>>> print(open('protein-v4.txt').read())   # compact mmCIF, C-alpha atoms
# COMPACT_ATOMS: atom_id res chain seq x y z
CA MET Y 1210 -97.63 22.21 21.31
CA ILE Y 1211 -101.08 21.87 22.86
CA ASP Y 1212 -101.49 19.15 25.48
CA ALA Y 1213 -105.12 18.07 25.14
CA HIS Y 1214 -105.34 15.95 28.31
CA THR Y 1215 -104.01 16.78 31.78
CA HIS Y 1216 -105.24 16.33 35.35
CA PRO Y 1217 -103.52 19.05 37.39
CA GLN Y 1218 -104.00 18.86 41.15
CA LEU Y 1219 -106.21 21.83 41.97
CA PRO Y 1220 -106.18 23.72 45.30
CA GLY Y 1221 -107.64 21.66 48.13
CA GLU Y 1222 -107.78 18.46 46.06
CA GLU Y 1223 -105.98 15.20 46.81
CA PRO Y 1224 -103.35 13.95 44.31
CA ILE Y 1225 -104.38 11.10 42.03
CA VAL Y 1226 -100.84 9.69 42.12
CA GLY Y 1227 -98.32 9.40 44.93
CA ALA Y 1228 -96.78 12.83 44.40
CA SER Y 1229 -97.78 16.44 43.90
CA HIS Y 1230 -98.98 17.27 40.38
CA THR Y 1231 -100.05 20.89 40.63
CA PRO Y 1232 -100.20 23.23 37.63
CA GLU Y 1233 -96.86 24.62 38.78
CA ASP Y 1234 -95.37 21.11 38.79
CA TYR Y 1235 -96.60 20.63 35.23
CA LEU Y 1236 -95.05 23.89 34.06
CA ARG Y 1237 -91.71 22.96 35.63
CA LEU Y 1238 -91.75 19.53 33.97
CA THR Y 1239 -92.58 20.97 30.56
CA LYS Y 1240 -90.06 23.78 30.56
CA GLY Y 1241 -88.44 23.86 27.13
CA LEU Y 1242 -91.17 21.78 25.44
CA ASP Y 1243 -92.97 24.85 24.06
CA ILE Y 1244 -96.38 23.71 25.27
CA ARG Y 1245 -98.46 26.82 24.69
CA PHE Y 1246 -101.74 25.47 26.09
CA ALA Y 1247 -102.85 22.50 28.19
CA ALA Y 1248 -106.36 21.18 28.80
CA ALA Y 1249 -107.07 20.94 32.54
CA PHE Y 1250 -109.69 18.29 33.43
CA VAL Y 1251 -111.98 17.72 36.37
CA MET Y 1252 -114.44 14.85 36.95
CA ALA Y 1253 -117.95 15.33 38.30
CA PRO Y 1254 -119.26 12.92 40.95
CA ARG Y 1255 -122.80 11.57 40.68
CA GLY Y 1256 -125.53 13.18 42.75
CA ASP Y 1257 -123.37 15.87 44.36
CA LEU Y 1258 -124.04 19.13 42.53
CA PRO Y 1259 -122.26 21.37 45.08
CA ARG Y 1260 -119.10 19.28 44.63
CA THR Y 1261 -119.48 19.33 40.84
CA ARG Y 1262 -119.85 23.11 40.84
CA ALA Y 1263 -116.85 23.51 43.14
CA LEU Y 1264 -114.63 21.41 40.87
CA ASN Y 1265 -115.77 23.27 37.79
CA ASP Y 1266 -115.21 26.62 39.49
CA LYS Y 1267 -111.67 25.61 40.42
CA VAL Y 1268 -110.71 24.67 36.89
CA LEU Y 1269 -112.39 27.78 35.47
CA ALA Y 1270 -110.38 29.85 37.96
CA LEU Y 1271 -107.18 28.12 36.86
CA GLY Y 1272 -107.89 29.17 33.30
CA LYS Y 1273 -108.24 32.79 34.34
CA GLN Y 1274 -105.22 32.74 36.65
CA THR Y 1275 -102.98 31.42 33.87
CA ASP Y 1276 -104.40 33.66 31.12
CA GLY Y 1277 -105.78 30.60 29.37
CA ARG Y 1278 -102.56 28.62 29.28
CA PHE Y 1279 -104.49 25.94 31.14
CA PHE Y 1280 -107.84 25.92 29.39
CA PRO Y 1281 -110.77 24.61 31.45
CA VAL Y 1282 -112.43 21.30 30.63
CA CYS Y 1283 -115.38 21.03 32.99
CA SER Y 1284 -117.54 18.03 33.82
CA VAL Y 1285 -121.07 16.97 34.72
CA HIS Y 1286 -122.54 13.57 35.51
CA PRO Y 1287 -125.08 12.34 32.92
CA HIS Y 1288 -127.17 10.67 35.64
CA ASP Y 1289 -127.79 14.07 37.24
CA ARG Y 1290 -130.03 14.68 34.21
CA ALA Y 1291 -131.73 18.11 34.28
CA LYS Y 1292 -129.31 19.41 36.92
CA ALA Y 1293 -126.39 18.30 34.76
CA LEU Y 1294 -127.77 20.31 31.84
CA ILE Y 1295 -128.16 23.40 34.02
CA GLU Y 1296 -124.56 23.07 35.19
CA LEU Y 1297 -123.38 22.51 31.61
CA ASP Y 1298 -125.09 25.73 30.53
CA ARG Y 1299 -123.45 27.54 33.44
CA VAL Y 1300 -119.89 26.43 32.70
CA VAL Y 1301 -120.26 27.25 29.01
CA ASN Y 1302 -121.19 30.81 29.93
CA ALA Y 1303 -118.26 30.89 32.38
CA GLY Y 1304 -115.67 29.98 29.72
CA ALA Y 1305 -115.36 26.19 29.55
CA ARG Y 1306 -113.57 25.02 26.39
CA ALA Y 1307 -114.81 21.42 26.54
CA LEU Y 1308 -116.66 18.89 28.66
CA LYS Y 1309 -115.13 15.73 30.17
CA LEU Y 1310 -117.09 12.48 30.67
CA HIS Y 1311 -115.52 9.27 31.95
CA PRO Y 1312 -117.56 6.05 31.59
CA ASN Y 1313 -115.31 4.08 33.97
CA THR Y 1314 -114.76 6.59 36.76
CA GLN Y 1315 -118.27 8.04 36.59
CA GLN Y 1316 -119.77 4.56 36.10
CA PHE Y 1317 -122.12 5.07 33.19
CA ASP Y 1318 -122.74 3.31 29.89
CA VAL Y 1319 -121.89 5.27 26.75
CA ALA Y 1320 -125.15 3.96 25.24
CA ASP Y 1321 -127.27 5.38 28.08
CA PRO Y 1322 -129.82 7.89 26.66
CA ALA Y 1323 -128.78 10.31 29.42
CA VAL Y 1324 -125.32 10.50 27.84
CA ARG Y 1325 -126.79 11.42 24.47
CA THR Y 1326 -128.85 14.14 26.14
CA VAL Y 1327 -125.73 15.72 27.63
CA VAL Y 1328 -123.83 15.40 24.34
CA ALA Y 1329 -126.71 17.01 22.45
CA ARG Y 1330 -126.74 19.98 24.84
CA ALA Y 1331 -122.97 20.36 24.51
CA ALA Y 1332 -123.34 20.26 20.71
CA LYS Y 1333 -125.93 23.02 20.90
CA HIS Y 1334 -123.27 25.17 22.59
CA GLY Y 1335 -120.52 24.08 20.16
CA LEU Y 1336 -118.67 22.48 23.10
CA PRO Y 1337 -116.46 19.44 22.36
CA VAL Y 1338 -116.99 16.44 24.63
CA VAL Y 1339 -113.94 14.44 25.70
CA PHE Y 1340 -114.60 10.82 26.69
CA ASP Y 1341 -112.25 8.33 28.25
CA GLY Y 1342 -112.17 5.90 25.35
CA TYR Y 1343 -111.03 2.60 26.78
CA SER Y 1344 -112.93 0.27 29.07
CA PRO Y 1345 -111.65 -3.18 30.05
CA PHE Y 1346 -115.21 -3.86 31.21
CA ASP Y 1347 -117.14 -3.10 28.01
CA ALA Y 1348 -115.89 -4.70 24.80
CA ASP Y 1349 -118.72 -3.01 22.84
CA GLN Y 1350 -117.71 0.51 23.82
CA PRO Y 1351 -115.99 1.42 20.50
CA GLY Y 1352 -119.22 0.75 18.63
CA LYS Y 1353 -121.20 2.77 21.15
CA PHE Y 1354 -119.07 5.82 20.38
CA VAL Y 1355 -119.80 5.35 16.67
CA ARG Y 1356 -123.54 5.17 17.36
CA LEU Y 1357 -123.35 8.29 19.51
CA ALA Y 1358 -121.48 10.21 16.82
CA MET Y 1359 -124.03 9.11 14.22
CA ALA Y 1360 -126.97 10.00 16.46
CA GLU Y 1361 -125.54 13.47 17.21
CA PRO Y 1362 -123.81 14.57 13.99
CA ASP Y 1363 -123.39 18.15 15.22
CA ALA Y 1364 -121.47 16.96 18.28
CA ARG Y 1365 -117.68 16.98 18.37
CA LEU Y 1366 -116.47 13.94 20.27
CA VAL Y 1367 -112.94 13.23 21.46
CA VAL Y 1368 -112.09 9.60 22.23
CA ALA Y 1369 -109.19 9.63 24.67
CA HIS Y 1370 -106.54 6.90 24.70
CA ALA Y 1371 -107.36 5.68 21.15
CA HIS Y 1372 -109.31 2.70 22.57
CA GLY Y 1373 -106.10 1.45 24.23
CA PRO Y 1374 -105.45 -2.22 23.34
CA GLN Y 1375 -108.52 -2.11 21.09
CA PHE Y 1376 -106.96 0.55 18.83
CA ALA Y 1377 -107.61 -1.48 15.66
CA ALA Y 1378 -111.31 -0.71 16.15
CA LEU Y 1379 -110.49 2.85 15.04
CA THR Y 1380 -110.33 1.66 11.43
CA VAL Y 1381 -114.13 1.94 11.39
CA TYR Y 1382 -113.67 5.70 10.98
CA GLU Y 1383 -111.82 5.18 7.70
CA VAL Y 1384 -114.75 3.07 6.46
CA LEU Y 1385 -117.31 5.62 7.62
CA ALA Y 1386 -115.41 8.39 5.80
CA ARG Y 1387 -116.38 6.72 2.50
CA TYR Y 1388 -120.02 7.68 3.06
CA PRO Y 1389 -121.11 11.25 2.19
CA TRP Y 1390 -123.34 11.52 5.27
CA TRP Y 1391 -120.49 10.90 7.74
CA ARG Y 1392 -119.52 14.16 9.43
CA ARG Y 1393 -116.04 13.12 10.68
CA ASN Y 1394 -117.06 14.42 14.10
CA VAL Y 1395 -114.74 12.17 16.13
CA TRP Y 1396 -111.19 13.09 17.20
CA ILE Y 1397 -108.66 10.73 18.80
CA ASP Y 1398 -106.61 11.78 21.82
CA LEU Y 1399 -103.29 9.87 21.85
CA SER Y 1400 -102.69 10.04 25.60
CA ALA Y 1401 -101.41 6.85 27.23
CA ALA Y 1402 -101.78 4.84 24.00
CA ALA Y 1403 -98.86 6.50 22.16
CA SER Y 1404 -96.53 5.93 25.11
CA LEU Y 1405 -97.77 2.36 25.49
CA PHE Y 1406 -97.27 1.30 21.87
CA ALA Y 1407 -94.58 3.57 20.37
CA ASP Y 1408 -91.54 1.55 21.45
CA GLY Y 1409 -93.07 -1.92 21.11
CA PRO Y 1410 -94.05 -4.50 18.51
CA PHE Y 1411 -97.39 -2.76 17.80
CA ALA Y 1412 -95.90 0.64 16.91
CA GLU Y 1413 -96.10 0.20 13.14
CA GLN Y 1414 -99.67 -1.11 13.30
CA PHE Y 1415 -100.70 1.68 15.67
CA ALA Y 1416 -99.35 4.38 13.32
CA TRP Y 1417 -101.02 2.68 10.33
CA VAL Y 1418 -104.39 2.66 12.09
CA LEU Y 1419 -104.03 6.31 13.10
CA ARG Y 1420 -103.37 7.30 9.49
CA LYS Y 1421 -106.57 5.46 8.54
CA VAL Y 1422 -108.44 7.71 10.96
CA GLY Y 1423 -106.69 10.75 9.46
CA THR Y 1424 -103.91 12.80 11.02
CA ASP Y 1425 -106.22 15.82 10.96
CA ARG Y 1426 -108.26 14.08 13.68
CA LEU Y 1427 -105.40 13.24 16.07
CA LEU Y 1428 -104.54 15.18 19.23
CA PHE Y 1429 -101.32 15.15 21.22
CA ALA Y 1430 -102.13 14.55 24.87
CA SER Y 1431 -100.13 13.43 27.88
CA ASP Y 1432 -102.65 12.31 30.55
CA TYR Y 1433 -100.40 14.02 33.12
CA PRO Y 1434 -99.65 12.95 35.88
CA LEU Y 1435 -100.36 9.36 34.81
CA ASP Y 1436 -97.84 9.88 32.03
CA MET Y 1437 -95.19 12.55 31.63
CA PRO Y 1438 -95.55 15.17 28.87
CA ARG Y 1439 -91.97 14.85 27.64
CA ALA Y 1440 -92.27 11.08 27.28
CA ALA Y 1441 -95.68 11.42 25.63
CA ALA Y 1442 -94.34 13.96 23.11
CA GLY Y 1443 -91.36 11.71 22.31
CA ALA Y 1444 -93.68 8.75 21.77
CA VAL Y 1445 -95.84 10.65 19.27
CA ALA Y 1446 -92.76 12.01 17.48
CA SER Y 1447 -91.41 8.46 17.10
CA LEU Y 1448 -94.44 7.13 15.21
CA GLY Y 1449 -93.09 8.18 11.82
CA PHE Y 1450 -95.36 11.10 11.00
CA SER Y 1451 -94.05 13.82 8.68
CA ARG Y 1452 -93.24 17.31 9.97
CA THR Y 1453 -96.49 18.59 8.46
CA GLU Y 1454 -98.48 15.79 10.12
CA LEU Y 1455 -96.78 16.42 13.45
CA ALA Y 1456 -97.64 20.13 13.26
CA SER Y 1457 -101.29 19.11 12.95
CA VAL Y 1458 -101.14 16.53 15.73
CA PHE Y 1459 -99.14 18.64 18.16
CA TYR Y 1460 -100.98 21.93 17.64
CA ASP Y 1461 -103.26 22.75 14.73
CA ASN Y 1462 -105.98 20.13 15.26
CA ALA Y 1463 -106.46 21.04 18.93
CA ALA Y 1464 -106.37 24.77 18.18
CA ARG Y 1465 -109.25 24.40 15.72
CA LEU Y 1466 -111.23 22.02 17.91
CA PHE Y 1467 -110.97 24.00 21.16
CA GLY Y 1468 -111.01 27.49 19.65
CA LEU Y 1469 -107.45 28.39 20.62
CA PRO Y 1470 -105.11 30.78 18.78
CA THR Y 1471 -103.79 29.36 15.53
CA ARG Y 1472 -100.09 28.71 15.07
CA GLN Y 1473 -98.30 31.56 13.37
CA PRO Y 1474 -96.00 30.45 10.54
CA LYS Y 1475 -92.41 31.49 10.95
CA ARG Y 1476 -91.45 34.32 8.65
CA ARG Y 1477 -88.43 33.80 6.50
CA PRO Y 1478 -85.84 36.58 6.69
CA GLU Y 1479 -85.79 39.00 3.79
CA PRO Y 1480 -82.86 38.37 1.42
CA ALA Y 1481 -79.96 40.76 1.68
CA ARG Y 1482 -79.93 43.52 -0.93
>>> encode(input="protein-v4.txt", output="structure tokens")
Amino acid sequence: MIDAHTHPQLPGEEPIVGASHTPEDYLRLTKGLDIRFAAAFVMAPRGDLPRTRALNDKVLALGKQTDGRFFPVCSVHPHDRAKALIELDRVVNAGARALKLHPNTQQFDVADPAVRTVVARAAKHGLPVVFDGYSPFDADQPGKFVRLAMAEPDARLVVAHAHGPQFAALTVYEVLARYPWWRRNVWIDLSAAASLFADGPFAEQFAWVLRKVGTDRLLFASDYPLDMPRAAAGAVASLGFSRTELASVFYDNAARLFGLPTRQPKRRPEPAR
């Protein structure tokens, strides 16, 4: 498996929950799950470039220290404008696999032109951009992601959390897929949402909506430490996808999107002679 969304506690950083959640803690928790790679996120503050660089350097270092098992997802703040673009260029050259932007935590509007500028620069580098995809404060946010994807067709956007309680809004991507100009440049990260809906009355509807998006655009993700990887994996597995679909969701889609090694098919033993 590839876990496309984790927040490991990096050296010198405070935990975001009430307990330690270091990379080592994650590896202990996932022992036996066969998670080959995990995306490690950081979040850039606004107006503090030294802090942003320090966070990015820590997650880049984690990638090197773990031989890429944790792959670095760096961050900038769109409101830092030209300085954000300079930092984006730097982390790309240093080995970042993706960029993380969080409208709620970083307090920006997805429709802000500064966001499009950052996304366009990331697209120029071929760098996927992962957004937190649910805001209880902005009911129009799902449509803003669609506009952004249309405005920047070369960008590769990941909408984390499948819009949460607004997951039905994802059906717009099935409608857009009917048009020849639509580039299908949006992926859906299932973190938090799968665990929230899989064992409840919305499970069947949630799985139906995800199939409308297309299982080739779904990513397994845990949102560790806010959710546990084992529980997140069980939630995705319970949604009724076929083995072939699960192989895509758990590994193949993320491998292609983030440029990670492809899954090697198991070789069948030669028949006895």
>>> residues_near_point(input="protein-v4.txt", point="(-113.3, 5.5, 22.9)", cutoff="7 Å", atoms="only C-alpha atoms", output="number ranges by chain")
Y: 1340-1343, 1350-1351, 1354, 1368-1369, 1371-1372
>>> write_last_selection(input="protein-v4.txt", atoms="C-alpha atoms", output="mmCIF file, in the coordinates of the input")
data_model
loop_
_atom_site.group_PDB
_atom_site.id
_atom_site.type_symbol
_atom_site.label_atom_id
_atom_site.label_comp_id
_atom_site.auth_asym_id
_atom_site.auth_seq_id
_atom_site.Cartn_x
_atom_site.Cartn_y
_atom_site.Cartn_z
ATOM 1 C CA PHE Y 1340 -114.600 10.820 26.690
ATOM 2 C CA ASP Y 1341 -112.250 8.330 28.250
ATOM 3 C CA GLY Y 1342 -112.170 5.900 25.350
ATOM 4 C CA TYR Y 1343 -111.030 2.600 26.780
ATOM 5 C CA GLN Y 1350 -117.710 0.510 23.820
ATOM 6 C CA PRO Y 1351 -115.990 1.420 20.500
ATOM 7 C CA PHE Y 1354 -119.070 5.820 20.380
ATOM 8 C CA VAL Y 1368 -112.090 9.600 22.230
ATOM 9 C CA ALA Y 1369 -109.190 9.630 24.670
ATOM 10 C CA ALA Y 1371 -107.360 5.680 21.150
ATOM 11 C CA HIS Y 1372 -109.310 2.700 22.570
#
>>> atom_distance(input="protein-v4.txt", atom1="CA of Gln1316 (chain Y)", atom2="CA of Pro1345 (chain Y)")
12.7 Å
>>> residues_around(input="protein-v4.txt", residues="Tyr1235 (chain Y)", least_positions_apart="6", cutoff="10 Å", atoms="all atoms listed in the file", output="PyMOL selection string")
chain Y and resi 1215-1218+1229+1247+1433-1434+1437-1438
>>> closest_residue(input="protein-v4.txt", among="Y:Val1268, Y:Val1418, Y:Leu1427, Y:Leu1435", to="Ser1457 (chain Y)", atoms="all atoms listed in the file")
Y:Leu1427
>>> closest_residue(input="protein-v4.txt", among="Y:Ser1404, Y:Thr1314, Y:Asn1302, Y:Thr1453", to="Asp1432 (chain Y)", atoms="only C-alpha atoms")
Y:Ser1404
>>> residues_around(input="protein-v4.txt", residues="Val1381 (chain Y)", least_positions_apart="6", cutoff="12 Å", atoms="all atoms listed in the file", output="PyMOL selection string")
chain Y and resi 1351-1352+1354-1356+1375+1387-1388+1391+1393+1395+1418-1419+1421-1423
>>> residues_around(input="protein-v4.txt", residues="region 1299-1301 of chain Y", least_positions_apart="3", cutoff="9 Å", atoms="all atoms listed in the file", output="PyMOL selection string")
chain Y and resi 1262+1265-1266+1269+1283-1284+1294-1296+1304-1307+1331+1334+1336
>>> closest_residue(input="protein-v4.txt", among="Y:Arg1472, Y:Arg1245, Y:His1370, Y:Arg1452", to="Ser1431 (chain Y)", atoms="all atoms listed in the file")
Y:His1370
>>> atom_distance(input="protein-v4.txt", atom1="CA of Pro1312 (chain Y)", atom2="CA of Asp1347 (chain Y)")
9.8 Å
>>> atom_distance(input="protein-v4.txt", atom1="CA of Ser1344 (chain Y)", atom2="CA of Val1324 (chain Y)")
16.1 Å
>>> closest_atom_pairs(input="protein-v4.txt", of="region 1390-1466 of chain Y", to="region 1360-1365 of chain Y", cutoff="12 Å", atoms="only C-alpha atoms", output="JSON lines")
{"residue": "Y:Trp1390", "atom": "CA", "partner": "Y:Pro1362", "partner_atom": "CA", "distance": 9.2}
{"residue": "Y:Trp1391", "atom": "CA", "partner": "Y:Pro1362", "partner_atom": "CA", "distance": 8.0}
{"residue": "Y:Arg1392", "atom": "CA", "partner": "Y:Pro1362", "partner_atom": "CA", "distance": 6.3}
{"residue": "Y:Arg1393", "atom": "CA", "partner": "Y:Pro1362", "partner_atom": "CA", "distance": 8.6}
{"residue": "Y:Asn1394", "atom": "CA", "partner": "Y:Arg1365", "partner_atom": "CA", "distance": 5.0}
{"residue": "Y:Val1395", "atom": "CA", "partner": "Y:Arg1365", "partner_atom": "CA", "distance": 6.1}
{"residue": "Y:Trp1396", "atom": "CA", "partner": "Y:Arg1365", "partner_atom": "CA", "distance": 7.7}
{"residue": "Y:Ile1397", "atom": "CA", "partner": "Y:Arg1365", "partner_atom": "CA", "distance": 11.0}
{"residue": "Y:Arg1426", "atom": "CA", "partner": "Y:Arg1365", "partner_atom": "CA", "distance": 10.9}
{"residue": "Y:Ala1463", "atom": "CA", "partner": "Y:Arg1365", "partner_atom": "CA", "distance": 11.9}
{"residue": "Y:Arg1465", "atom": "CA", "partner": "Y:Arg1365", "partner_atom": "CA", "distance": 11.5}
{"residue": "Y:Leu1466", "atom": "CA", "partner": "Y:Arg1365", "partner_atom": "CA", "distance": 8.2}
>>> write_last_selection(input="protein-v4.txt", atoms="C-alpha atoms", output="compact mmCIF listing (two decimals), keeping the file's coordinate frame")
# COMPACT_ATOMS: atom_id res chain seq x y z
CA TRP Y 1390 -123.34 11.52 5.27
CA TRP Y 1391 -120.49 10.90 7.74
CA ARG Y 1392 -119.52 14.16 9.43
CA ARG Y 1393 -116.04 13.12 10.68
CA ASN Y 1394 -117.06 14.42 14.10
CA VAL Y 1395 -114.74 12.17 16.13
CA TRP Y 1396 -111.19 13.09 17.20
CA ILE Y 1397 -108.66 10.73 18.80
CA ARG Y 1426 -108.26 14.08 13.68
CA ALA Y 1463 -106.46 21.04 18.93
CA ARG Y 1465 -109.25 24.40 15.72
CA LEU Y 1466 -111.23 22.02 17.91
>>> residues_around(input="protein-v4.txt", residues="Asn1462 (chain Y)", least_positions_apart="6", cutoff="10 Å", atoms="all atoms listed in the file", output="list in words")
Ile1211, Trp1396, Thr1424, Asp1425, Arg1426, Leu1427, Leu1428, Phe1429, Ala1456, Gly1468, Leu1469 and Thr1471 of chain Y
>>> residues_around(input="protein-v4.txt", residues="Arg1420 (chain Y)", least_positions_apart="6", cutoff="10 Å", atoms="only C-alpha atoms", output="list in words")
Thr1380, Glu1383, Gln1414, Arg1426, Leu1427, Phe1450 and Glu1454 of chain Y
>>> residues_near_point(input="protein-v4.txt", point="(-129.9, 9.1, 27.0)", cutoff="12 Å", atoms="only C-alpha atoms", output="list in words")
Pro1287, His1288, Asp1289, Arg1290, Ala1291, Phe1317, Asp1318, Val1319, Ala1320, Asp1321, Pro1322, Ala1323, Val1324, Arg1325, Thr1326, Val1327, Val1328, Ala1329, Arg1330, Leu1357, Ala1360 and Glu1361 of chain Y
>>> closest_residue(input="protein-v4.txt", among="Y:Val1384, Y:His1214, Y:Phe1406, Y:Ala1378", to="Leu1308 (chain Y)", atoms="all atoms listed in the file")
Y:His1214
